[in-house]
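**Student:** First the structure, which I've put down as structure tokens, then a few questions once you've had a look.
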Amino acid sequence: MREEDPFDEGATGGGILRQPKAVWATAGASVVAFMGIGLVDPILPSIAQGLDASASQVSLLFTSYFLITAFAMLVTGFVSSRIGGRKTLLAGLALVVVFAALSGTSSSVAELVGFRAGWGLGNALFVSTALAVIVGAAAGGSAAAILLYESALGLGMACGPLLGALLGDASWRYPFFGTAALMAIGFLCIAAFLKEQPRPAVKTSLLDPVKALGHGGLASVAASAFFYNYAFFTILAFTPFVLDMTPYKSGAVFFAWGLLLAVFSVLVAPRLQRRFGSLKVLGASLVLLAADLLVLGYGSHTTAIVATIASGAFIGMNNTVYTELALGVSDAPRPVASAGYNFVRWFAAAAAPFLAPKIEEWTDIHVPFVVAALAALVGAAVVGVRRTALTHEAEELEPVHALEDGVTVFAD
């Protein structure tokens, strides 16, 4: 049977570009939501200077954001299964608008860290529900819907640093106000174009995601992703201080990084998986990421820039494979499995931004990248050691573009 091409209107009955307004509204808001993750990257040094703070203090912007996101994974399914996807999206967007705007008014690092935590809760409610909503409302089947969602993720990750640089060159406060304005537009679009979808027949409890981690395969994927995320967010949160560039230049570097992430996540990873298998692709990509981190840590300034951009390729592949494994490796409902998996891995995203600058203070600038490289290798080792628990499911998995029914995913 010919593999379905999401871009082929005949194959999908609509094609990825022929979608209802509700889908475009949700996808557009998703782009802005993912922009919020990397928005502060190019302006971290400016924030530190403007608020007279150290690198480790400013890095708490990521820590508070992702710590709240981790715990919110236990709440999002509980909320959306009771009030519905549309209301959950709108609640998340409203929180982002409020806390992004408040972030721009901060007079201290403590205030900004607190506002980012509220932002993280809103973002978690939104992005963890957006994929299920897009799948439910999209024309052309789930393949087109998932590809559209992943494209929104990649575009947001790429454009976040660029927006942060363009607005942050004038003041570090402007990117926060800009994000609040864009999310307010997203709120209005979803309120106008998205109708409420049917609620799940079975409501999700707060402990269901934790119980799902009792499955050995899902626990293995989550453990490996935990170490991988430490490496990922060392690059995202600590590298801007190492590069020490103007917001424009730093934004350009992470824009290129985000483009590679998008291309390898959506286009390259599925092709490599079909040829070599998910576990081989994941293991090799983690080892290459570890090597890239060492080059980044010990290379010249120019080499560090190239290594930072190149890391986007490995991160994009890892994101896609991890998501597919998490959704398919256990018999738990996909929304529940995804929530449990994300609950574990986002703790590493919270830890890395705080620990990396602390490790530099205790040692030197190279060691944080060595620790991150070791974390990536541990992630690869977990995949290798637990291969038996993962092999059958991984080899049977089709790319995530074959998802059906309502899926709750919070991807990178």
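Chain lettering (A, B, ...) mirrors the order of the structure tokens, residue numbering begins at 1 for each chain separately, and ligand numbering begins at 1 in order of display.
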Can you pull out the residues contacting A:Leu325? Cut-off 7 Å, using only C-alpha atoms, and skip same-chain residues under 3 positions away; I want them as a list in words.
**Tutor:** Val221, Val321, Tyr322, Gly328, Val329 and Ala394 of chain A
**Student:** With only C-alpha atoms as the counted atoms, please give the residues lying no more than 9 Å from A:Ala350, apart from itself and same-chain residues fewer than 4 positions off, as number ranges by chain.
**Tutor:** A: 60, 62-70, 230, 233, 346, 354
**Student:** Tell me, as a JSON list (two decimals) with C-alpha atoms, in the first residue's frame, which residues lie within 12 Å of stretch 361-369 of chain A, counting only C-alpha atoms; anything in the same chain fewer than 6 positions away does not count.
**Tutor:**
[["chain", "number", "residue", "atom", "x", "y", "z"],
["A", 54, "SER", "CA", 23.97, 36.68, 37.83],
["A", 55, "ALA", "CA", 23.71, 34.07, 35.10],
["A", 56, "SER", "CA", 22.43, 31.44, 37.52],
["A", 230, "TYR", "CA", 19.30, 17.94, 30.57],
["A", 231, "ALA", "CA", 21.65, 18.11, 27.58],
["A", 232, "PHE", "CA", 19.05, 19.88, 25.43],
["A", 233, "PHE", "CA", 18.37, 22.65, 27.91],
["A", 234, "THR", "CA", 22.00, 23.16, 28.78],
["A", 235, "ILE", "CA", 22.35, 24.28, 25.18],
["A", 236, "LEU", "CA", 19.19, 26.36, 25.18],
["A", 237, "ALA", "CA", 19.68, 28.16, 28.51],
["A", 238, "PHE", "CA", 23.44, 28.25, 29.11],
["A", 239, "THR", "CA", 24.96, 28.75, 25.65],
["A", 241, "PHE", "CA", 26.07, 33.34, 28.19],
["A", 242, "VAL", "CA", 28.97, 31.46, 26.63],
["A", 243, "LEU", "CA", 28.53, 33.03, 23.19],
["A", 289, "LEU", "CA", 24.71, 15.24, 20.42],
["A", 290, "ALA", "CA", 27.22, 14.35, 23.15],
["A", 291, "ALA", "CA", 30.11, 14.83, 20.71],
["A", 292, "ASP", "CA", 28.62, 18.14, 19.56],
["A", 293, "LEU", "CA", 28.41, 19.35, 23.17],
["A", 294, "LEU", "CA", 32.11, 18.64, 23.73],
["A", 295, "VAL", "CA", 32.99, 20.56, 20.57],
["A", 296, "LEU", "CA", 30.78, 23.41, 21.74],
["A", 297, "GLY", "CA", 32.43, 23.49, 25.16],
["A", 298, "TYR", "CA", 36.04, 23.31, 24.04],
["A", 299, "GLY", "CA", 36.01, 24.92, 20.60],
["A", 300, "SER", "CA", 36.72, 28.50, 19.60],
["A", 304, "ALA", "CA", 30.86, 27.11, 19.38],
["A", 307, "ALA", "CA", 28.14, 23.54, 17.13],
["A", 308, "THR", "CA", 25.18, 25.34, 18.67],
["A", 352, "ALA", "CA", 19.75, 22.16, 33.60],
["A", 353, "PRO", "CA", 19.32, 25.96, 33.36],
["A", 354, "PHE", "CA", 20.04, 26.30, 37.07],
["A", 355, "LEU", "CA", 22.83, 23.74, 37.41],
["A", 375, "ALA", "CA", 23.88, 13.10, 30.34],
["A", 376, "ALA", "CA", 23.25, 12.52, 26.61]]
**Student:** Between atom CA of A:Ala101 and atom CA of A:Glu196, what is the spacing in Å?
**Tutor:** 27.5 Å
**Student:** Pick out the closest residue to A:Gly28 from this set: A:Val287, A:Leu182, A:Val281, A:Val113. Count only C-alpha atoms.
**Tutor:**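 Using only C-alpha atoms, A:Gly28 sits closest to A:Leu182.
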**Student:** Just to confirm, what's the straight-line distance from atom CA of A:Ala337 to atom CA of A:Val210 in Å (one decimal)?
**Tutor:** 8.8 Å
**Student:** Would you list the contacts of A:Leu377 as an MDAnalysis selection string, taking every protein, DNA or RNA residue within 9 Å and counting only C-alpha atoms, but skipping same-chain residues closer than 4 positions in sequence?
**Tutor:** chainID A and resid 227:228 283 286:287 289:290 372:373 381:382
**Student:** For stretch 90-143 of chain A versus stretch 151-158 of chain A, which residues have an atom no more than 12 Å away, and what is each residue's nearest atom pair and distance in Å rounded to one decimal, using only C-alpha atoms, chain-then-number order, as a tab-separated table?
**Tutor:**
residue	atom	partner	partner_atom	distance
A:Val127	CA	A:Leu153	CA	9.6
A:Ala130	CA	A:Ala152	CA	10.7
A:Leu131	CA	A:Ala152	CA	10.4
A:Ile134	CA	A:Ala152	CA	11.3
